[in-house]
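Undergrad: Pasting query_28.cif below, which is mmCIF, C-alpha atoms.
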```cif
data_upload
loop_
_atom_site.label_atom_id
_atom_site.label_comp_id
_atom_site.auth_asym_id
_atom_site.auth_seq_id
_atom_site.Cartn_x
_atom_site.Cartn_y
_atom_site.Cartn_z
CA MET A 1 99.24 119.73 110.64
CA ASP A 2 101.59 121.72 112.79
CA ASN A 3 102.43 119.89 115.97
CA THR A 4 105.98 121.09 116.40
CA THR A 5 105.12 123.61 119.10
CA GLN A 6 103.43 121.18 121.49
CA PRO A 7 104.86 120.45 124.93
CA THR A 8 107.09 117.43 125.02
CA THR A 9 107.67 116.35 128.59
CA SER A 10 109.08 112.83 128.45
CA GLY A 11 108.63 109.77 130.63
CA MET A 12 105.62 109.01 132.86
CA ASN A 13 104.85 112.69 133.40
CA GLY A 14 104.71 113.00 129.63
CA LEU A 15 102.21 110.13 129.47
CA ILE A 16 99.88 111.84 131.94
CA GLU A 17 100.29 115.26 130.35
CA ASP A 18 99.56 113.89 126.87
CA TRP A 19 96.36 112.12 127.89
CA VAL A 20 94.93 114.94 130.02
CA SER A 21 95.56 117.62 127.39
CA ASP A 22 92.48 118.93 125.59
CA LYS A 23 93.86 118.37 122.10
CA ASP A 24 95.34 115.28 120.47
CA ALA A 25 96.92 112.81 122.84
CA PHE A 26 99.61 111.63 120.43
CA LYS A 27 102.12 114.49 120.26
CA ASN A 28 104.47 114.61 117.31
CA VAL A 29 102.84 111.64 115.62
CA SER A 30 101.22 112.43 112.29
CA TRP A 31 97.73 111.18 111.48
CA GLY A 32 99.01 108.95 108.73
CA LYS A 33 101.29 107.10 111.10
CA THR A 34 98.68 106.92 113.87
CA MET A 35 96.07 105.46 111.54
CA MET A 36 98.50 102.90 110.14
CA TRP A 37 99.32 101.77 113.69
CA ILE A 38 95.63 101.53 114.58
CA PHE A 39 94.99 99.50 111.45
CA LEU A 40 97.89 97.21 112.37
CA LEU A 41 96.45 96.88 115.87
CA SER A 42 93.14 95.68 114.42
CA ASP A 43 95.03 93.31 112.14
CA THR A 44 96.85 91.97 115.19
CA PHE A 45 93.49 90.90 116.60
CA ILE A 46 92.49 89.19 113.35
CA PHE A 47 95.68 87.14 113.20
CA SER A 48 95.44 86.41 116.92
CA CYS A 49 91.94 85.01 116.40
CA PHE A 50 93.26 82.71 113.68
CA LEU A 51 96.14 81.52 115.83
CA VAL A 52 93.95 81.03 118.90
CA GLY A 53 91.46 79.12 116.72
CA TYR A 54 94.34 76.95 115.54
CA MET A 55 95.37 76.37 119.15
CA SER A 56 91.82 75.33 120.01
CA VAL A 57 91.43 72.76 117.23
CA ARG A 58 94.89 71.38 117.87
CA MET A 59 94.11 70.95 121.57
CA THR A 60 90.68 69.40 121.04
CA THR A 61 91.62 66.77 118.48
CA ASP A 62 92.41 63.24 119.67
CA VAL A 63 94.07 62.36 116.35
CA PRO A 64 97.85 63.05 116.23
CA TRP A 65 98.78 66.37 114.61
CA PRO A 66 100.86 66.02 111.38
CA ASN A 67 104.60 66.42 111.96
CA THR A 68 105.27 69.81 110.31
CA SER A 69 108.99 69.13 110.31
CA GLU A 70 108.34 66.28 107.84
CA VAL A 71 105.38 67.80 105.98
CA PHE A 72 107.47 70.81 104.97
CA ALA A 73 110.70 68.93 104.31
CA LEU A 74 112.32 69.06 100.89
CA THR A 75 114.85 66.88 99.16
CA ILE A 76 117.55 69.15 97.74
CA ALA A 77 120.42 67.56 95.79
CA GLY A 78 119.61 64.14 97.21
CA GLU A 79 119.65 65.53 100.75
CA HIS A 80 116.47 65.28 102.84
CA ILE A 81 116.25 68.49 104.91
CA PRO A 82 113.37 69.03 107.39
CA LEU A 83 111.35 72.27 107.30
CA ILE A 84 113.87 73.81 104.90
CA LEU A 85 111.32 75.58 102.68
CA ILE A 86 109.87 77.45 105.65
CA ALA A 87 113.35 78.38 106.87
CA ILE A 88 114.20 79.87 103.46
CA MET A 89 110.89 81.77 103.42
CA THR A 90 111.69 83.15 106.88
CA PHE A 91 115.11 84.38 105.76
CA VAL A 92 113.67 85.96 102.61
CA LEU A 93 111.12 87.87 104.67
CA ILE A 94 113.72 89.05 107.19
CA THR A 95 115.98 90.19 104.35
CA SER A 96 113.08 92.17 102.90
CA SER A 97 112.48 93.74 106.31
CA GLY A 98 116.11 94.84 106.37
CA THR A 99 115.96 96.47 102.95
CA MET A 100 112.74 98.19 104.01
CA ALA A 101 114.43 99.63 107.12
CA MET A 102 117.23 100.92 104.86
CA ALA A 103 114.64 102.51 102.58
CA VAL A 104 113.08 104.36 105.52
CA ASN A 105 116.51 105.57 106.57
CA CYS A 106 117.31 106.79 103.04
CA GLY A 107 113.95 108.51 102.84
CA TYR A 108 114.68 110.56 105.93
CA ARG A 109 118.08 111.42 104.51
CA ARG A 110 116.12 112.64 101.47
CA GLN A 111 117.96 110.23 99.18
CA ARG A 112 114.90 109.73 97.05
CA LYS A 113 116.27 107.33 94.44
CA GLN A 114 117.95 104.98 96.92
CA ALA A 115 114.77 104.90 99.00
CA ALA A 116 112.63 104.04 95.97
CA TYR A 117 115.01 101.36 94.69
CA LEU A 118 115.31 99.77 98.13
CA MET A 119 111.51 99.66 98.34
CA LEU A 120 111.36 97.95 94.95
CA VAL A 121 113.97 95.42 96.13
CA THR A 122 111.77 94.81 99.18
CA ALA A 123 108.80 94.22 96.89
CA VAL A 124 110.81 91.70 94.83
CA PHE A 125 111.69 89.77 98.01
CA GLY A 126 107.98 89.88 98.86
CA LEU A 127 107.11 88.39 95.47
CA CYS A 128 109.74 85.74 96.03
CA PHE A 129 108.07 84.86 99.32
CA VAL A 130 104.60 84.62 97.76
CA GLY A 131 106.07 82.47 94.98
CA MET A 132 107.49 80.00 97.49
CA GLN A 133 104.18 79.97 99.31
CA ALA A 134 102.39 79.12 96.06
CA PHE A 135 104.87 76.27 95.60
CA GLU A 136 104.20 75.08 99.14
CA TRP A 137 100.42 75.14 98.62
CA THR A 138 100.73 73.25 95.33
CA LYS A 139 102.92 70.61 96.95
CA LEU A 140 100.52 70.09 99.86
CA ILE A 141 97.43 70.02 97.64
CA GLU A 142 99.09 67.40 95.45
CA GLU A 143 99.81 65.35 98.57
CA GLY A 144 96.10 65.38 99.34
CA VAL A 145 95.88 68.08 102.02
CA ARG A 146 92.39 69.62 102.04
CA PRO A 147 90.66 71.99 104.46
CA TRP A 148 88.55 69.02 105.67
CA GLY A 149 91.19 66.32 105.83
CA ASN A 150 94.64 65.05 104.94
CA PRO A 151 96.55 61.77 104.84
CA MET A 152 99.05 62.77 107.56
CA GLY A 153 96.88 63.14 110.65
CA ALA A 154 94.34 65.42 112.28
CA PRO A 155 91.86 66.74 109.66
CA GLN A 156 91.93 70.24 111.20
CA PHE A 157 95.52 70.67 109.98
CA GLY A 158 94.44 71.64 106.46
CA ALA A 159 91.87 74.17 107.62
CA ALA A 160 94.36 75.89 109.93
CA PHE A 161 97.13 75.79 107.33
CA PHE A 162 95.16 77.24 104.41
CA MET A 163 93.43 79.87 106.55
CA ILE A 164 96.51 81.17 108.37
CA THR A 165 99.13 81.04 105.60
CA GLY A 166 96.54 82.14 103.03
CA PHE A 167 95.63 85.23 104.98
CA HIS A 168 99.29 86.03 105.60
CA GLY A 169 100.16 85.50 101.94
CA PHE A 170 97.31 87.82 101.01
CA HIS A 171 98.84 90.47 103.28
CA VAL A 172 102.23 90.03 101.62
CA SER A 173 100.66 90.35 98.16
CA ILE A 174 98.84 93.55 99.13
CA GLY A 175 102.12 94.79 100.66
CA VAL A 176 103.95 94.20 97.36
CA ILE A 177 101.37 96.30 95.49
CA TYR A 178 101.42 99.00 98.18
CA LEU A 179 105.24 99.13 98.17
CA THR A 180 105.42 99.33 94.39
CA VAL A 181 102.89 102.17 94.19
CA VAL A 182 104.61 104.23 96.90
CA ALA A 183 108.09 103.49 95.50
CA LEU A 184 107.06 104.77 92.05
CA LYS A 185 105.58 107.90 93.57
CA VAL A 186 108.74 108.46 95.61
CA LEU A 187 110.84 107.99 92.48
CA ARG A 188 108.72 110.51 90.59
CA GLY A 189 109.36 113.08 93.32
CA ASP A 190 105.78 113.39 94.58
CA TYR A 191 106.95 113.73 98.19
CA GLU A 192 109.75 116.28 97.73
CA GLU A 193 107.70 118.96 99.50
CA ARG A 194 105.75 116.91 102.04
CA GLY A 195 108.73 114.86 103.19
CA TYR A 196 109.29 111.13 103.28
CA GLU A 197 107.30 109.98 106.29
CA ILE A 198 105.21 107.98 103.80
CA VAL A 199 108.16 105.60 103.43
CA GLU A 200 108.11 104.97 107.17
CA ILE A 201 104.33 104.38 107.14
CA THR A 202 104.64 101.89 104.28
CA GLY A 203 107.52 100.33 106.20
CA LEU A 204 105.30 99.88 109.27
CA TYR A 205 102.93 97.75 107.22
CA TRP A 206 105.76 95.69 105.76
CA HIS A 207 107.47 95.10 109.10
CA PHE A 208 104.11 94.04 110.51
CA VAL A 209 103.80 91.36 107.84
CA ASP A 210 107.23 90.10 108.91
CA LEU A 211 106.16 90.31 112.56
CA VAL A 212 103.09 88.14 111.94
CA TRP A 213 105.29 85.60 110.17
CA VAL A 214 107.49 85.37 113.29
CA PHE A 215 104.42 84.19 115.24
CA ILE A 216 103.15 81.87 112.48
CA PHE A 217 106.62 80.34 112.15
CA ALA A 218 106.82 79.72 115.90
CA PHE A 219 103.30 78.44 116.55
CA PHE A 220 102.28 76.74 113.32
CA TYR A 221 105.54 75.42 111.90
CA LEU A 222 107.80 74.83 114.90
CA TRP A 223 105.43 73.98 117.78
CA MET B 1 109.04 116.83 107.28
CA GLN B 2 111.16 116.96 110.37
CA ASN B 3 108.26 117.27 112.76
CA ASN B 4 109.66 114.92 115.37
CA THR B 5 111.31 117.47 117.56
CA ASP B 6 112.20 115.18 120.43
CA THR B 7 112.13 111.74 118.89
CA GLN B 8 113.88 112.19 115.55
CA PRO B 9 113.67 108.64 114.16
CA GLN B 10 115.55 109.75 111.08
CA GLN B 11 118.79 110.38 112.95
CA HIS B 12 119.71 106.79 113.73
CA PRO B 13 122.95 105.54 112.28
CA ILE B 14 122.49 102.92 109.60
CA SER B 15 124.82 100.62 111.55
CA LEU B 16 122.09 100.12 114.17
CA TYR B 17 119.78 98.68 111.50
CA PHE B 18 122.52 96.39 110.26
CA LYS B 19 123.14 95.08 113.78
CA VAL B 20 119.44 94.38 114.37
CA TRP B 21 119.18 92.80 110.93
CA GLY B 22 122.10 90.48 111.72
CA LEU B 23 120.60 89.63 115.09
CA LEU B 24 117.29 88.69 113.43
CA PHE B 25 119.15 86.33 111.11
CA VAL B 26 120.95 84.70 114.03
CA LEU B 27 117.73 84.32 116.04
CA SER B 28 115.92 82.83 113.04
CA SER B 29 118.75 80.34 112.58
CA PHE B 30 118.43 79.39 116.26
CA SER B 31 114.66 78.89 115.81
CA TYR B 32 115.31 76.64 112.86
CA LEU B 33 117.99 74.72 114.78
CA VAL B 34 115.43 73.94 117.50
CA ASP B 35 113.61 71.88 114.87
CA TYR B 36 116.70 70.62 113.08
CA LEU B 37 118.23 69.24 116.27
CA GLN B 38 114.83 67.77 117.20
CA TYR B 39 114.60 69.21 120.70
CA GLN B 40 111.31 68.06 122.25
CA GLY B 41 109.03 68.85 125.17
CA MET B 42 109.45 71.82 127.48
CA LEU B 43 112.91 72.68 126.16
CA ARG B 44 111.52 72.99 122.62
CA TRP B 45 108.54 75.14 123.62
CA THR B 46 110.63 77.41 125.83
CA LEU B 47 113.26 77.99 123.13
CA ILE B 48 110.60 78.63 120.46
CA LEU B 49 108.90 81.24 122.66
CA VAL B 50 112.14 82.92 123.72
CA PHE B 51 113.40 83.33 120.13
CA MET B 52 109.94 84.39 118.95
CA PHE B 53 109.59 87.15 121.53
CA LEU B 54 113.16 88.37 120.97
CA LYS B 55 112.55 88.63 117.23
CA ALA B 56 109.15 90.27 117.63
CA GLY B 57 110.58 92.71 120.16
CA LEU B 58 113.46 93.72 117.89
CA ILE B 59 111.17 94.26 114.91
CA VAL B 60 108.65 96.37 116.85
CA ALA B 61 111.26 98.32 118.83
CA VAL B 62 113.82 99.16 116.17
CA PHE B 63 112.41 98.50 112.69
CA MET B 64 109.00 99.93 113.60
CA HIS B 65 110.64 102.70 115.69
CA MET B 66 108.58 102.01 118.83
CA VAL B 67 111.44 102.77 121.24
CA TRP B 68 111.59 106.30 119.91
CA GLU B 69 107.86 107.02 120.24
CA ARG B 70 106.35 108.73 123.28
CA ILE B 71 104.98 106.48 126.04
CA ALA B 72 101.39 107.69 125.50
CA PHE B 73 101.52 106.33 121.95
CA THR B 74 103.42 103.14 122.75
CA LEU B 75 100.96 102.14 125.48
CA ALA B 76 97.93 102.94 123.32
CA ILE B 77 99.19 100.57 120.62
CA LEU B 78 100.95 97.84 122.57
CA SER B 79 98.67 97.33 125.59
CA PRO B 80 95.35 96.36 123.85
CA PRO B 81 96.78 93.09 122.46
CA LEU B 82 97.17 91.92 126.08
CA CYS B 83 93.40 91.14 125.95
CA ILE B 84 94.35 88.23 123.74
CA LEU B 85 95.87 86.52 126.78
CA VAL B 86 92.35 86.31 128.23
CA LEU B 87 91.06 84.80 124.99
CA ILE B 88 93.90 82.27 125.01
CA ALA B 89 93.10 81.27 128.61
CA LEU B 90 89.38 80.90 127.87
CA MET B 91 89.90 78.90 124.67
CA ALA B 92 92.55 76.68 126.25
CA SER B 93 90.27 75.70 129.12
CA GLU B 94 87.36 75.08 126.72
CA ALA B 95 89.55 73.08 124.34
CA SER B 96 90.98 70.81 127.04
CA TYR B 97 87.44 70.11 128.24
CA THR B 98 86.36 69.19 124.71
CA ASN B 99 89.43 67.01 124.30
CA LEU B 100 88.69 65.23 127.56
CA ASN B 101 85.12 64.49 126.40
CA ARG B 102 86.34 63.20 123.06
CA LEU B 103 88.77 60.88 124.80
CA ILE B 104 86.05 59.59 127.14
CA PHE B 105 83.31 59.10 124.52
CA PHE B 106 85.19 58.44 121.26
CA GLY B 107 88.69 57.52 122.41
#
```
Show me the file's structure as structure tokens.

TA:
Amino acid sequence: MDNTTQPTTSGMNGLIEDWVSDKDAFKNVSWGKTMMWIFLLSDTFIFSCFLVGYMSVRMTTDVPWPNTSEVFALTIAGEHIPLILIAIMTFVLITSSGTMAMAVNCGYRRQRKQAAYLMLVTAVFGLCFVGMQAFEWTKLIEEGVRPWGNPMGAPQFGAAFFMITGFHGFHVSIGVIYLTVVALKVLRGDYEERGYEIVEITGLYWHFVDLVWVFIFAFFYLW
Amino acid sequence: MQNNTDTQPQQHPISLYFKVWGLLFVLSSFSYLVDYLQYQGMLRWTLILVFMFLKAGLIVAVFMHMVWERIAFTLAILSPPLCILVLIALMASEASYTNLNRLIFFG
């Protein structure tokens, strides 16, 4: 796909020119990247529906909502710290986003090995995150949280919790597999001729998973 | 392939990523502090939203390279989610009505 020769007026004139042109509207954006963004856009709507559903049930219930600060507290070395597990998970995911951004940068510098290793490090952080989520689920299930009820308050809490964090955790797990596959292919030198835009596309997916967590953290855990 | 003749996302200095990374850590710590210091009410909700949007903005703009894309592409991807605001408004009004009825009949 050769789109290097297309006109590239910038700014608002560029916007109009791009959309009125007979050919593709997205100049200088490869199909792989466009399709990943469109997929992420559709995923945005799915997660939004979950979060809006959560908002609805939380607004409708006349039973007090469980205090997430206490539900997700841990006692570490005799110290009772509120919401600490979720804070650690947040930092792990942000760290993984950073290593992913480095991998994209290395890819474009054609430092194949560094890019691949950084992607594998990202995948390990992802696994770490899923592991902590499994721990969190186990803890809550042991405390009697179910999709239809829980001892702490409004019964809708369990349904929202398992649905939202479960779907996000599923995304992280898929991301770990996706990252590992692409990293191994990068390491093997499969993209030496085509270039390393694939690292950026994989990165888009990973950063999106982090992005969704930002919203889940704010609305589900902190609100 | 270097097919981004005018955008060139591969040319950014690595220091920019480190700065954004650091900023995300700081903002996350602030979010956590909102809970740790037990701020409540409007102050809590405002701070949560401010830190959330700052973090989301940084991730989309720098890590996902949106600031370096052309406006035609940026608008095509970032404007459709605005529809969700309508959904939120509809569901919020429906939910408060349901809540009111529950309080009247079961409360």

Undergrad: Contacts between chain B and chain A, please, where a residue of chain A counts if it comes within 6 Å (with all atoms listed in the file); show its shortest atom pair and distance in Å to one decimal, rows by chain and ascending number, as a tab-separated table.

TA:
```
residue	atom	partner	partner_atom	distance
A:Thr4	CA	B:Asn3	CA	5.7
A:Leu15	CA	B:Ala72	CA	4.7
A:Phe26	CA	B:Phe73	CA	5.8
A:Asn28	CA	B:Asn4	CA	5.5
A:Ser56	CA	B:Ala95	CA	5.4
A:Met59	CA	B:Ala95	CA	5.7
A:Thr60	CA	B:Asn99	CA	4.2
A:Gly98	CA	B:Trp21	CA	5.9
A:Tyr108	CA	B:Gln10	CA	5.3
A:Gly195	CA	B:Met1	CA	4.6
A:Leu204	CA	B:Met64	CA	5.7
A:Leu211	CA	B:Ala56	CA	5.9
```

Undergrad: With all atoms listed in the file as the atoms that count, which of A:Gly126, A:Phe220, A:Phe161, A:Pro155 lies nearest to Phe91 in chain A?

TA: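 Smallest separation from Phe91 in chain A among the options: A:Gly126.
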
Undergrad: Calculate how many Å separate CA of Met152 in chain A from CA of Pro66 in chain A, rounding to one decimal.

TA: 5.3 Å

Undergrad: Counting all atoms listed in the file, which of A:Glu192, A:Met89, A:Val104, A:Arg109 gets nearest to Gly169 in chain A?

TA: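 Using all atoms listed in the file, the shortest distance to Gly169 in chain A belongs to A:Met89.
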
Undergrad: Given only C-alpha atoms as the basis, pick out the residue of A:Val182, A:Ala159, A:Ile81, A:Met132 nearest to Tyr196 in chain A.

TA: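 That would be A:Val182, the residue with the smallest distance to Tyr196 in chain A.
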
Undergrad: So that I can check the surroundings of Tyr191 in chain A, please list as a PDB file with C-alpha atoms, in the coordinates of the input every protein, DNA and RNA residue that reaches within 12 Å of it, counting all atoms listed in the file and ignoring chain neighbours fewer than 2 positions away.

TA:
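See part_9.pdb below for the written result:
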```
ATOM      1  CA  GLY A 107     113.950 108.510 102.840  1.00  0.00           C
ATOM      2  CA  TYR A 108     114.680 110.560 105.930  1.00  0.00           C
ATOM      3  CA  ARG A 110     116.120 112.640 101.470  1.00  0.00           C
ATOM      4  CA  GLN A 111     117.960 110.230  99.180  1.00  0.00           C
ATOM      5  CA  ARG A 112     114.900 109.730  97.050  1.00  0.00           C
ATOM      6  CA  LYS A 113     116.270 107.330  94.440  1.00  0.00           C
ATOM      7  CA  ALA A 115     114.770 104.900  99.000  1.00  0.00           C
ATOM      8  CA  ALA A 116     112.630 104.040  95.970  1.00  0.00           C
ATOM      9  CA  VAL A 182     104.610 104.230  96.900  1.00  0.00           C
ATOM     10  CA  ALA A 183     108.090 103.490  95.500  1.00  0.00           C
ATOM     11  CA  LEU A 184     107.060 104.770  92.050  1.00  0.00           C
ATOM     12  CA  LYS A 185     105.580 107.900  93.570  1.00  0.00           C
ATOM     13  CA  VAL A 186     108.740 108.460  95.610  1.00  0.00           C
ATOM     14  CA  LEU A 187     110.840 107.990  92.480  1.00  0.00           C
ATOM     15  CA  ARG A 188     108.720 110.510  90.590  1.00  0.00           C
ATOM     16  CA  GLY A 189     109.360 113.080  93.320  1.00  0.00           C
ATOM     17  CA  GLU A 193     107.700 118.960  99.500  1.00  0.00           C
ATOM     18  CA  ARG A 194     105.750 116.910 102.040  1.00  0.00           C
ATOM     19  CA  GLY A 195     108.730 114.860 103.190  1.00  0.00           C
ATOM     20  CA  TYR A 196     109.290 111.130 103.280  1.00  0.00           C
ATOM     21  CA  GLU A 197     107.300 109.980 106.290  1.00  0.00           C
ATOM     22  CA  ILE A 198     105.210 107.980 103.800  1.00  0.00           C
ATOM     23  CA  VAL A 199     108.160 105.600 103.430  1.00  0.00           C
TER      24      VAL A 199
ATOM     25  CA  MET B   1     109.040 116.830 107.280  1.00  0.00           C
TER      26      MET B   1
END
```

Undergrad: How many Å separate CA of Ser42 in chain A from CA of Ala218 in chain A?

TA: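 CA of Ala218 in chain A lies at a distance of 21.1 Å from CA of Ser42 in chain A.
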
Undergrad: Could you please determine the separation between CA of Arg58 in chain A and CA of Leu83 in chain A in Å, to one decimal place?

TA: 19.6 Å

Undergrad: I'd like to see the residues matched by the PyMOL selection byres ((chain A and resi 51) around 10) on this file, and ideally I'd get them as number ranges by chain.

TA: A: 45-50, 52-56, 160, 163-164, 215-216, 219-220; B: 88

Undergrad: Which centre and edge lengths in Å to one decimal define the box along x, y and z that fits every listed atom of range 57-68 of chain A plus 5 Å per side, as lines of an AutoDock Vina configuration file?

TA:
```
center_x = 98.0
center_y = 67.6
center_z = 115.9
size_x = 24.6
size_y = 20.4
size_z = 21.3
```

Undergrad: Could you tell me, as a PDB file with C-alpha atoms, keeping the file's coordinate frame, exactly which residues end up selected when the PyMOL selection byres ((chain A and resi 128) around 12) is applied to this structure?

TA:
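Written output follows (expr-v3.pdb):
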```pdb
ATOM      1  CA  ILE A  88     114.200  79.870 103.460  1.00  0.00           C
ATOM      2  CA  MET A  89     110.890  81.770 103.420  1.00  0.00           C
ATOM      3  CA  THR A  90     111.690  83.150 106.880  1.00  0.00           C
ATOM      4  CA  PHE A  91     115.110  84.380 105.760  1.00  0.00           C
ATOM      5  CA  VAL A  92     113.670  85.960 102.610  1.00  0.00           C
ATOM      6  CA  LEU A  93     111.120  87.870 104.670  1.00  0.00           C
ATOM      7  CA  THR A  95     115.980  90.190 104.350  1.00  0.00           C
ATOM      8  CA  SER A  96     113.080  92.170 102.900  1.00  0.00           C
ATOM      9  CA  VAL A 121     113.970  95.420  96.130  1.00  0.00           C
ATOM     10  CA  THR A 122     111.770  94.810  99.180  1.00  0.00           C
ATOM     11  CA  ALA A 123     108.800  94.220  96.890  1.00  0.00           C
ATOM     12  CA  VAL A 124     110.810  91.700  94.830  1.00  0.00           C
ATOM     13  CA  PHE A 125     111.690  89.770  98.010  1.00  0.00           C
ATOM     14  CA  GLY A 126     107.980  89.880  98.860  1.00  0.00           C
ATOM     15  CA  LEU A 127     107.110  88.390  95.470  1.00  0.00           C
ATOM     16  CA  PHE A 129     108.070  84.860  99.320  1.00  0.00           C
ATOM     17  CA  VAL A 130     104.600  84.620  97.760  1.00  0.00           C
ATOM     18  CA  GLY A 131     106.070  82.470  94.980  1.00  0.00           C
ATOM     19  CA  MET A 132     107.490  80.000  97.490  1.00  0.00           C
ATOM     20  CA  GLN A 133     104.180  79.970  99.310  1.00  0.00           C
ATOM     21  CA  ALA A 134     102.390  79.120  96.060  1.00  0.00           C
ATOM     22  CA  PHE A 135     104.870  76.270  95.600  1.00  0.00           C
ATOM     23  CA  GLY A 169     100.160  85.500 101.940  1.00  0.00           C
ATOM     24  CA  VAL A 172     102.230  90.030 101.620  1.00  0.00           C
ATOM     25  CA  SER A 173     100.660  90.350  98.160  1.00  0.00           C
ATOM     26  CA  VAL A 176     103.950  94.200  97.360  1.00  0.00           C
TER      27      VAL A 176
END
```

Undergrad: Using all atoms listed in the file, which residue out of B:Val67, B:Leu37, B:Leu16, B:Leu23 lies closest to Ala101 in chain A?

TA: B:Leu16
